[in-house]
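**Student:** My structure is below; once you've seen it, I'll send some questions.
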Amino acid sequence: MKVNKAEFIISNSDVKKCPAEILPEYAFIGRSNVGKSSLINMLTGRKALAKVSGKPGKTQLINHFKINDNWFLVDLPGYGYAKVSKSTKGIFQKFITEYFEKREQLVCGFVLIDVRLEPQKIDVEFMSYLGNAGVPFCIIFTKADKLTKSKAMQNIAAYKKVLLAGDWEEFPTYFLTSSASGEGQDEVLQFINDVNTD
Ligand code: GTP
Ligand code: MG
């Protein structure tokens, strides 16, 4: 799939105010600073569609982008960042869990994981939460440019081991990406295209 059109629609913290239009929707979630906003820019081939920052906690709202006039891409705030003010902290912000539980248009979530790290408790917990809530999701390992392919595959294998030792019977569909090199762009867009045309 080629992204010919990518437009920002609305930001908000209230699921009820998300666009009413019924289009298939894909949401990007993960720890603060994992690279959600960068990945959205990379996938759409736009430099600054979503706001990127070296400081964790940049994205604070649910951001809807309409792609090719026929699906929504959603940039979400990160979880697991302690400096978010006490009132909004929670373990996973309430409006994020509400988004996943109530947004009927949501077709699939993408849980982003920094491929350099060993399995993190909070990511495993978030995936369990999605699984228990019946939300379909894939994993996107980010920042592949920061380490060798063999090290990346080793770290992905460590994740598989942890998930399969827990409640999971199979490892979710996953992608290895880099917003710096564009690695994984075709694969993720192809996946979305295939799901949309099924
Ligand atoms: P929050 O909105 O704060 O939750 O962060 P985010 O997950 O949206 O991360 P963001 O895209 O803002 O990126 C965080 C930092 O990581 C920025 O400094 C990016 O330039 C950097 N970054 C993101 N993706 C990549 C990548 O694939 N490779 C490299 N080398 N750096 C990346
Ligand atoms: Mg962001």
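So you can find residues: chains in the structure tokens are A, B, ... in the order shown, residues in each start at 1, and ligands are numbered from 1 in order.
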Give me, as a ChimeraX atom specification, the set of residues whose atoms come within 9 Å of any atom of ligand 2, counting only C-alpha atoms and all ligand atoms.
**Tutor:** /A:32-38,50-53,56-60,75-78
**Student:** Can I get the selected residues back with C-alpha atoms, as a compact mmCIF listing (two decimals), in the first residue's frame?
**Tutor:**
```txt
# COMPACT_ATOMS: atom_id res chain seq x y z
CA SER A 32 6.97 6.38 26.47
CA ASN A 33 9.82 7.09 24.06
CA VAL A 34 9.61 3.69 22.34
CA GLY A 35 9.08 5.45 19.00
CA LYS A 36 5.31 5.44 18.35
CA SER A 37 5.12 8.91 16.82
CA SER A 38 8.32 8.36 14.80
CA ALA A 50 3.04 13.11 14.57
CA LYS A 51 5.12 15.02 17.12
CA VAL A 52 8.38 13.35 18.12
CA SER A 53 10.64 14.14 21.09
CA PRO A 56 9.48 10.71 27.16
CA GLY A 57 5.87 11.80 27.62
CA LYS A 58 5.59 13.88 24.44
CA THR A 59 2.29 12.47 23.17
CA GLN A 60 -0.40 13.12 25.78
CA ASP A 75 -1.05 7.78 17.96
CA LEU A 76 -1.48 7.22 21.69
CA PRO A 77 0.38 8.48 24.76
CA GLY A 78 3.03 6.15 26.15
```
**Student:** So that I can check the surroundings of Arg103 (chain A), please list as a list in words every protein, DNA and RNA residue that reaches within 12 Å of it, counting only C-alpha atoms and ignoring chain neighbours fewer than 2 positions away.
**Tutor:**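 Here the qualifying residues turn out to be Asp14, Val15, Lys16, Lys17, Cys18, Pro19, Ala20, Glu21, Ile22, Leu23, Pro24, Glu25, Tyr26, Ala27, Ile62, Val74, Phe95, Ile96, Thr97, Glu98, Tyr99, Phe100, Glu101, Gln105, Leu106, Val107, Cys108, Gly109 and Val135 of chain A.
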**Student:** Report, in Å with one decimal, the straight-line distance from CA of Phe137 (chain A) to CA of Lys55 (chain A).
**Tutor:**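 These two atoms are separated by 26.2 Å.
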**Student:** Which residue is closest to ligand 1? Choose from A:Glu183, A:Glu170, A:Glu7, A:Asp69 and count only C-alpha atoms and all ligand atoms.
**Tutor:**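 The answer is A:Glu183, which sits nearest to ligand 1.
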**Student:** Please provide the set of residues having any atom within 8 Å of region 147-158 of chain A, restricted to only C-alpha atoms, with same-chain residues fewer than 5 positions apart removed, written as an mmCIF file with N, CA and C atoms, in the first residue's frame.
**Tutor:**
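Once everything was written out, this is selection-v1.cif:
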```
data_model
loop_
_atom_site.group_PDB
_atom_site.id
_atom_site.type_symbol
_atom_site.label_atom_id
_atom_site.label_comp_id
_atom_site.auth_asym_id
_atom_site.auth_seq_id
_atom_site.Cartn_x
_atom_site.Cartn_y
_atom_site.Cartn_z
ATOM 1 N N VAL A 115 13.520 -2.941 20.667
ATOM 2 C CA VAL A 115 14.166 -4.248 20.441
ATOM 3 C C VAL A 115 15.499 -4.385 21.186
ATOM 4 N N ARG A 116 16.011 -3.280 21.716
ATOM 5 C CA ARG A 116 17.304 -3.360 22.423
ATOM 6 C C ARG A 116 17.163 -3.919 23.831
ATOM 7 N N LEU A 117 15.923 -3.895 24.351
ATOM 8 C CA LEU A 117 15.748 -4.220 25.769
ATOM 9 C C LEU A 117 15.354 -5.668 26.000
ATOM 10 N N GLU A 118 15.732 -6.173 27.157
ATOM 11 C CA GLU A 118 15.213 -7.494 27.526
ATOM 12 C C GLU A 118 13.744 -7.332 27.922
ATOM 13 N N PRO A 119 12.978 -8.432 27.944
ATOM 14 C CA PRO A 119 11.541 -8.315 28.223
ATOM 15 C C PRO A 119 11.249 -7.481 29.466
#
```
**Student:** Ranking A:Glu125, A:Asp145, A:Glu104, A:Asp167 by minimum distance to Ser179 (chain A) and counting only C-alpha atoms, which one comes first?
**Tutor:** A:Asp145
**Student:** Compare A:Leu176, A:Leu163, A:Ala133, A:Ile122 by their minimum atom-to-atom distance to ligand 1, counting only C-alpha atoms and all ligand atoms, and give me the closest one.
**Tutor:**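 Ranking A:Leu176, A:Leu163, A:Ala133, A:Ile122 by distance to ligand 1, first place goes to A:Leu176.
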**Student:** Run DSSP on the backbone and tell me which residues of region 10-194 of chain A come out as alpha helix (DSSP H); list them as a PDB file with N, CA and C atoms, in the first residue's frame.
**Tutor:**
```pdb
ATOM      1  N   LYS A  36       6.643   5.528  18.985  1.00  0.00           N
ATOM      2  CA  LYS A  36       5.312   5.437  18.350  1.00  0.00           C
ATOM      3  C   LYS A  36       5.111   6.540  17.307  1.00  0.00           C
ATOM      4  N   SER A  37       5.361   7.785  17.727  1.00  0.00           N
ATOM      5  CA  SER A  37       5.125   8.911  16.824  1.00  0.00           C
ATOM      6  C   SER A  37       6.093   8.847  15.635  1.00  0.00           C
ATOM      7  N   SER A  38       7.333   8.485  15.894  1.00  0.00           N
ATOM      8  CA  SER A  38       8.319   8.355  14.802  1.00  0.00           C
ATOM      9  C   SER A  38       7.882   7.295  13.808  1.00  0.00           C
ATOM     10  N   LEU A  39       7.354   6.197  14.315  1.00  0.00           N
ATOM     11  CA  LEU A  39       6.920   5.112  13.431  1.00  0.00           C
ATOM     12  C   LEU A  39       5.760   5.569  12.543  1.00  0.00           C
ATOM     13  N   ILE A  40       4.858   6.347  13.116  1.00  0.00           N
ATOM     14  CA  ILE A  40       3.721   6.864  12.342  1.00  0.00           C
ATOM     15  C   ILE A  40       4.227   7.762  11.218  1.00  0.00           C
ATOM     16  N   ASN A  41       5.215   8.581  11.506  1.00  0.00           N
ATOM     17  CA  ASN A  41       5.806   9.416  10.446  1.00  0.00           C
ATOM     18  C   ASN A  41       6.494   8.556   9.391  1.00  0.00           C
ATOM     19  N   MET A  42       7.206   7.549   9.843  1.00  0.00           N
ATOM     20  CA  MET A  42       7.913   6.668   8.894  1.00  0.00           C
ATOM     21  C   MET A  42       6.909   5.924   8.001  1.00  0.00           C
ATOM     22  N   LEU A  43       5.861   5.364   8.622  1.00  0.00           N
ATOM     23  CA  LEU A  43       4.885   4.585   7.844  1.00  0.00           C
ATOM     24  C   LEU A  43       4.191   5.452   6.799  1.00  0.00           C
ATOM     25  N   THR A  44       3.905   6.701   7.166  1.00  0.00           N
ATOM     26  CA  THR A  44       3.170   7.570   6.244  1.00  0.00           C
ATOM     27  C   THR A  44       4.097   8.362   5.327  1.00  0.00           C
ATOM     28  N   LYS A  86       0.740  13.002  38.870  1.00  0.00           N
ATOM     29  CA  LYS A  86       0.107  11.965  39.698  1.00  0.00           C
ATOM     30  C   LYS A  86      -1.337  11.668  39.282  1.00  0.00           C
ATOM     31  N   SER A  87      -2.092  12.741  38.992  1.00  0.00           N
ATOM     32  CA  SER A  87      -3.502  12.530  38.691  1.00  0.00           C
ATOM     33  C   SER A  87      -3.702  11.755  37.388  1.00  0.00           C
ATOM     34  N   THR A  88      -2.769  11.880  36.463  1.00  0.00           N
ATOM     35  CA  THR A  88      -2.966  11.192  35.187  1.00  0.00           C
ATOM     36  C   THR A  88      -2.182   9.888  35.135  1.00  0.00           C
ATOM     37  N   LYS A  89      -1.433   9.594  36.183  1.00  0.00           N
ATOM     38  CA  LYS A  89      -0.472   8.489  36.096  1.00  0.00           C
ATOM     39  C   LYS A  89      -1.144   7.127  35.925  1.00  0.00           C
ATOM     40  N   LYS A  94      -6.456   5.931  32.285  1.00  0.00           N
ATOM     41  CA  LYS A  94      -7.831   5.464  32.129  1.00  0.00           C
ATOM     42  C   LYS A  94      -8.353   5.690  30.708  1.00  0.00           C
ATOM     43  N   PHE A  95      -8.045   6.836  30.125  1.00  0.00           N
ATOM     44  CA  PHE A  95      -8.614   7.070  28.787  1.00  0.00           C
ATOM     45  C   PHE A  95      -7.971   6.161  27.740  1.00  0.00           C
ATOM     46  N   ILE A  96      -6.797   5.626  28.049  1.00  0.00           N
ATOM     47  CA  ILE A  96      -6.187   4.668  27.111  1.00  0.00           C
ATOM     48  C   ILE A  96      -6.904   3.315  27.212  1.00  0.00           C
ATOM     49  N   THR A  97      -7.142   2.853  28.439  1.00  0.00           N
ATOM     50  CA  THR A  97      -7.851   1.571  28.566  1.00  0.00           C
ATOM     51  C   THR A  97      -9.281   1.701  28.042  1.00  0.00           C
ATOM     52  N   GLU A  98      -9.879   2.873  28.273  1.00  0.00           N
ATOM     53  CA  GLU A  98     -11.230   3.087  27.721  1.00  0.00           C
ATOM     54  C   GLU A  98     -11.209   3.039  26.197  1.00  0.00           C
ATOM     55  N   TYR A  99     -10.174   3.639  25.641  1.00  0.00           N
ATOM     56  CA  TYR A  99     -10.044   3.625  24.180  1.00  0.00           C
ATOM     57  C   TYR A  99     -10.047   2.168  23.689  1.00  0.00           C
ATOM     58  N   PHE A 100      -9.206   1.333  24.280  1.00  0.00           N
ATOM     59  CA  PHE A 100      -9.118  -0.061  23.803  1.00  0.00           C
ATOM     60  C   PHE A 100     -10.406  -0.846  24.062  1.00  0.00           C
ATOM     61  N   GLU A 101     -11.075  -0.531  25.157  1.00  0.00           N
ATOM     62  CA  GLU A 101     -12.274  -1.300  25.482  1.00  0.00           C
ATOM     63  C   GLU A 101     -13.521  -0.827  24.737  1.00  0.00           C
ATOM     64  N   LYS A 102     -13.550   0.459  24.375  1.00  0.00           N
ATOM     65  CA  LYS A 102     -14.800   1.007  23.810  1.00  0.00           C
ATOM     66  C   LYS A 102     -14.771   1.346  22.335  1.00  0.00           C
ATOM     67  N   LYS A 121       8.560  -5.983  32.272  1.00  0.00           N
ATOM     68  CA  LYS A 121       7.331  -6.393  32.948  1.00  0.00           C
ATOM     69  C   LYS A 121       6.122  -5.598  32.458  1.00  0.00           C
ATOM     70  N   ILE A 122       6.286  -4.299  32.323  1.00  0.00           N
ATOM     71  CA  ILE A 122       5.131  -3.458  31.975  1.00  0.00           C
ATOM     72  C   ILE A 122       4.582  -3.794  30.584  1.00  0.00           C
ATOM     73  N   ASP A 123       5.468  -4.150  29.647  1.00  0.00           N
ATOM     74  CA  ASP A 123       4.996  -4.516  28.301  1.00  0.00           C
ATOM     75  C   ASP A 123       4.258  -5.851  28.338  1.00  0.00           C
ATOM     76  N   VAL A 124       4.806  -6.792  29.092  1.00  0.00           N
ATOM     77  CA  VAL A 124       4.149  -8.098  29.213  1.00  0.00           C
ATOM     78  C   VAL A 124       2.774  -7.905  29.870  1.00  0.00           C
ATOM     79  N   GLU A 125       2.718  -7.035  30.875  1.00  0.00           N
ATOM     80  CA  GLU A 125       1.434  -6.757  31.538  1.00  0.00           C
ATOM     81  C   GLU A 125       0.445  -6.097  30.593  1.00  0.00           C
ATOM     82  N   PHE A 126       0.937  -5.187  29.777  1.00  0.00           N
ATOM     83  CA  PHE A 126       0.024  -4.505  28.852  1.00  0.00           C
ATOM     84  C   PHE A 126      -0.523  -5.497  27.827  1.00  0.00           C
ATOM     85  N   MET A 127       0.326  -6.375  27.334  1.00  0.00           N
ATOM     86  CA  MET A 127      -0.150  -7.376  26.366  1.00  0.00           C
ATOM     87  C   MET A 127      -1.151  -8.328  27.021  1.00  0.00           C
ATOM     88  N   SER A 128      -0.924  -8.673  28.275  1.00  0.00           N
ATOM     89  CA  SER A 128      -1.890  -9.528  28.986  1.00  0.00           C
ATOM     90  C   SER A 128      -3.214  -8.803  29.131  1.00  0.00           C
ATOM     91  N   TYR A 129      -3.120  -7.514  29.451  1.00  0.00           N
ATOM     92  CA  TYR A 129      -4.344  -6.709  29.566  1.00  0.00           C
ATOM     93  C   TYR A 129      -5.121  -6.756  28.249  1.00  0.00           C
ATOM     94  N   LEU A 130      -4.438  -6.516  27.126  1.00  0.00           N
ATOM     95  CA  LEU A 130      -5.122  -6.528  25.824  1.00  0.00           C
ATOM     96  C   LEU A 130      -5.723  -7.899  25.539  1.00  0.00           C
ATOM     97  N   GLY A 131      -4.936  -8.937  25.825  1.00  0.00           N
ATOM     98  CA  GLY A 131      -5.414 -10.303  25.596  1.00  0.00           C
ATOM     99  C   GLY A 131      -6.683 -10.581  26.392  1.00  0.00           C
ATOM    100  N   ASN A 132      -6.658 -10.207  27.670  1.00  0.00           N
ATOM    101  CA  ASN A 132      -7.836 -10.448  28.526  1.00  0.00           C
ATOM    102  C   ASN A 132      -9.030  -9.619  28.083  1.00  0.00           C
ATOM    103  N   ALA A 133      -8.761  -8.436  27.523  1.00  0.00           N
ATOM    104  CA  ALA A 133      -9.861  -7.570  27.060  1.00  0.00           C
ATOM    105  C   ALA A 133     -10.334  -7.984  25.663  1.00  0.00           C
ATOM    106  N   LYS A 149      21.322  -7.348  13.454  1.00  0.00           N
ATOM    107  CA  LYS A 149      20.168  -8.212  13.193  1.00  0.00           C
ATOM    108  C   LYS A 149      20.185  -9.429  14.119  1.00  0.00           C
ATOM    109  N   SER A 150      21.379 -10.004  14.319  1.00  0.00           N
ATOM    110  CA  SER A 150      21.421 -11.234  15.126  1.00  0.00           C
ATOM    111  C   SER A 150      21.081 -10.927  16.588  1.00  0.00           C
ATOM    112  N   LYS A 151      21.533  -9.780  17.079  1.00  0.00           N
ATOM    113  CA  LYS A 151      21.195  -9.391  18.454  1.00  0.00           C
ATOM    114  C   LYS A 151      19.685  -9.124  18.559  1.00  0.00           C
ATOM    115  N   ALA A 152      19.126  -8.480  17.515  1.00  0.00           N
ATOM    116  CA  ALA A 152      17.682  -8.204  17.514  1.00  0.00           C
ATOM    117  C   ALA A 152      16.912  -9.527  17.569  1.00  0.00           C
ATOM    118  N   MET A 153      17.309 -10.498  16.745  1.00  0.00           N
ATOM    119  CA  MET A 153      16.600 -11.777  16.717  1.00  0.00           C
ATOM    120  C   MET A 153      16.730 -12.500  18.069  1.00  0.00           C
ATOM    121  N   GLN A 154      17.879 -12.334  18.702  1.00  0.00           N
ATOM    122  CA  GLN A 154      18.103 -12.920  20.033  1.00  0.00           C
ATOM    123  C   GLN A 154      17.131 -12.292  21.052  1.00  0.00           C
ATOM    124  N   ASN A 155      16.976 -10.972  20.981  1.00  0.00           N
ATOM    125  CA  ASN A 155      16.079 -10.287  21.926  1.00  0.00           C
ATOM    126  C   ASN A 155      14.619 -10.643  21.669  1.00  0.00           C
ATOM    127  N   ILE A 156      14.267 -10.812  20.387  1.00  0.00           N
ATOM    128  CA  ILE A 156      12.888 -11.211  20.057  1.00  0.00           C
ATOM    129  C   ILE A 156      12.633 -12.629  20.585  1.00  0.00           C
ATOM    130  N   ALA A 157      13.638 -13.486  20.450  1.00  0.00           N
ATOM    131  CA  ALA A 157      13.503 -14.859  20.961  1.00  0.00           C
ATOM    132  C   ALA A 157      13.276 -14.845  22.475  1.00  0.00           C
ATOM    133  N   ALA A 158      13.932 -13.923  23.170  1.00  0.00           N
ATOM    134  CA  ALA A 158      13.760 -13.825  24.627  1.00  0.00           C
ATOM    135  C   ALA A 158      12.314 -13.433  24.957  1.00  0.00           C
ATOM    136  N   TYR A 159      11.734 -12.543  24.141  1.00  0.00           N
ATOM    137  CA  TYR A 159      10.334 -12.164  24.334  1.00  0.00           C
ATOM    138  C   TYR A 159       9.403 -13.344  24.120  1.00  0.00           C
ATOM    139  N   LYS A 160       9.697 -14.105  23.051  1.00  0.00           N
ATOM    140  CA  LYS A 160       8.864 -15.285  22.752  1.00  0.00           C
ATOM    141  C   LYS A 160       8.859 -16.224  23.944  1.00  0.00           C
ATOM    142  N   LYS A 161      10.038 -16.418  24.506  1.00  0.00           N
ATOM    143  CA  LYS A 161      10.181 -17.349  25.618  1.00  0.00           C
ATOM    144  C   LYS A 161       9.314 -16.894  26.803  1.00  0.00           C
ATOM    145  N   VAL A 162       9.382 -15.602  27.104  1.00  0.00           N
ATOM    146  CA  VAL A 162       8.626 -15.087  28.244  1.00  0.00           C
ATOM    147  C   VAL A 162       7.115 -15.204  28.004  1.00  0.00           C
ATOM    148  N   LEU A 163       6.660 -14.814  26.814  1.00  0.00           N
ATOM    149  CA  LEU A 163       5.206 -14.861  26.557  1.00  0.00           C
ATOM    150  C   LEU A 163       4.702 -16.294  26.524  1.00  0.00           C
ATOM    151  N   LEU A 164       5.464 -17.160  25.882  1.00  0.00           N
ATOM    152  CA  LEU A 164       4.997 -18.545  25.755  1.00  0.00           C
ATOM    153  C   LEU A 164       5.069 -19.296  27.078  1.00  0.00           C
ATOM    154  N   ALA A 165       5.908 -18.811  27.994  1.00  0.00           N
ATOM    155  CA  ALA A 165       5.962 -19.420  29.334  1.00  0.00           C
ATOM    156  C   ALA A 165       4.775 -18.948  30.179  1.00  0.00           C
ATOM    157  N   GLN A 185       8.624  -0.853   6.966  1.00  0.00           N
ATOM    158  CA  GLN A 185       7.513  -0.029   6.469  1.00  0.00           C
ATOM    159  C   GLN A 185       6.580  -0.843   5.569  1.00  0.00           C
ATOM    160  N   ASP A 186       7.171  -1.515   4.565  1.00  0.00           N
ATOM    161  CA  ASP A 186       6.355  -2.267   3.603  1.00  0.00           C
ATOM    162  C   ASP A 186       5.554  -3.353   4.304  1.00  0.00           C
ATOM    163  N   GLU A 187       6.193  -4.033   5.241  1.00  0.00           N
ATOM    164  CA  GLU A 187       5.545  -5.163   5.915  1.00  0.00           C
ATOM    165  C   GLU A 187       4.343  -4.703   6.742  1.00  0.00           C
ATOM    166  N   VAL A 188       4.514  -3.620   7.491  1.00  0.00           N
ATOM    167  CA  VAL A 188       3.407  -3.148   8.342  1.00  0.00           C
ATOM    168  C   VAL A 188       2.258  -2.641   7.463  1.00  0.00           C
ATOM    169  N   LEU A 189       2.593  -1.860   6.418  1.00  0.00           N
ATOM    170  CA  LEU A 189       1.532  -1.340   5.542  1.00  0.00           C
ATOM    171  C   LEU A 189       0.831  -2.466   4.788  1.00  0.00           C
ATOM    172  N   GLN A 190       1.596  -3.468   4.399  1.00  0.00           N
ATOM    173  CA  GLN A 190       1.000  -4.621   3.709  1.00  0.00           C
ATOM    174  C   GLN A 190       0.025  -5.348   4.630  1.00  0.00           C
ATOM    175  N   PHE A 191       0.442  -5.507   5.884  1.00  0.00           N
ATOM    176  CA  PHE A 191      -0.433  -6.173   6.861  1.00  0.00           C
ATOM    177  C   PHE A 191      -1.759  -5.402   6.987  1.00  0.00           C
ATOM    178  N   ILE A 192      -1.666  -4.083   7.132  1.00  0.00           N
ATOM    179  CA  ILE A 192      -2.880  -3.267   7.285  1.00  0.00           C
ATOM    180  C   ILE A 192      -3.736  -3.369   6.023  1.00  0.00           C
ATOM    181  N   ASN A 193      -3.090  -3.307   4.880  1.00  0.00           N
ATOM    182  CA  ASN A 193      -3.812  -3.407   3.610  1.00  0.00           C
ATOM    183  C   ASN A 193      -4.544  -4.748   3.496  1.00  0.00           C
ATOM    184  N   ASP A 194      -3.845  -5.815   3.859  1.00  0.00           N
ATOM    185  CA  ASP A 194      -4.449  -7.154   3.775  1.00  0.00           C
ATOM    186  C   ASP A 194      -5.660  -7.254   4.692  1.00  0.00           C
TER     187      ASP A 194
END
```
**Student:** Please indicate the distance in Å from atom 21 (C, counted along the ligand's line) of ligand 1 to CA of Val195 (chain A), rounded to one decimal place.
**Tutor:** 28.1 Å
**Student:** Interatomic distance between CA of Asn70 (chain A) and CA of Asp198 (chain A)?
**Tutor:**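 Taking CA of Asn70 (chain A) and CA of Asp198 (chain A), their separation equals 14.1 Å.
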**Student:** Taking into account only C-alpha atoms and all ligand atoms, which residue in the set A:Gly80, A:Gly134, A:Gly184, A:Gly54 is nearest to ligand 1?
**Tutor:**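 Distance minimum relative to ligand 1 lands on A:Gly54.
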**Student:** Among region 106-156 of chain A, which ones does DSSP place in strand (DSSP E), written as a VMD selection string?
**Tutor:** chain A and resid 106 to 114 137 to 142
**Student:** Tell me which of A:Tyr79, A:Phe65, A:Trp71, A:Phe8 sits closest to Arg31 (chain A), counting only C-alpha atoms.
**Tutor:** A:Tyr79
**Student:** For Ala6 (chain A), which residue among A:Asn196, A:Gln93, A:Asn68, A:Gln120 is the nearest when counting only C-alpha atoms?
**Tutor:** A:Asn68
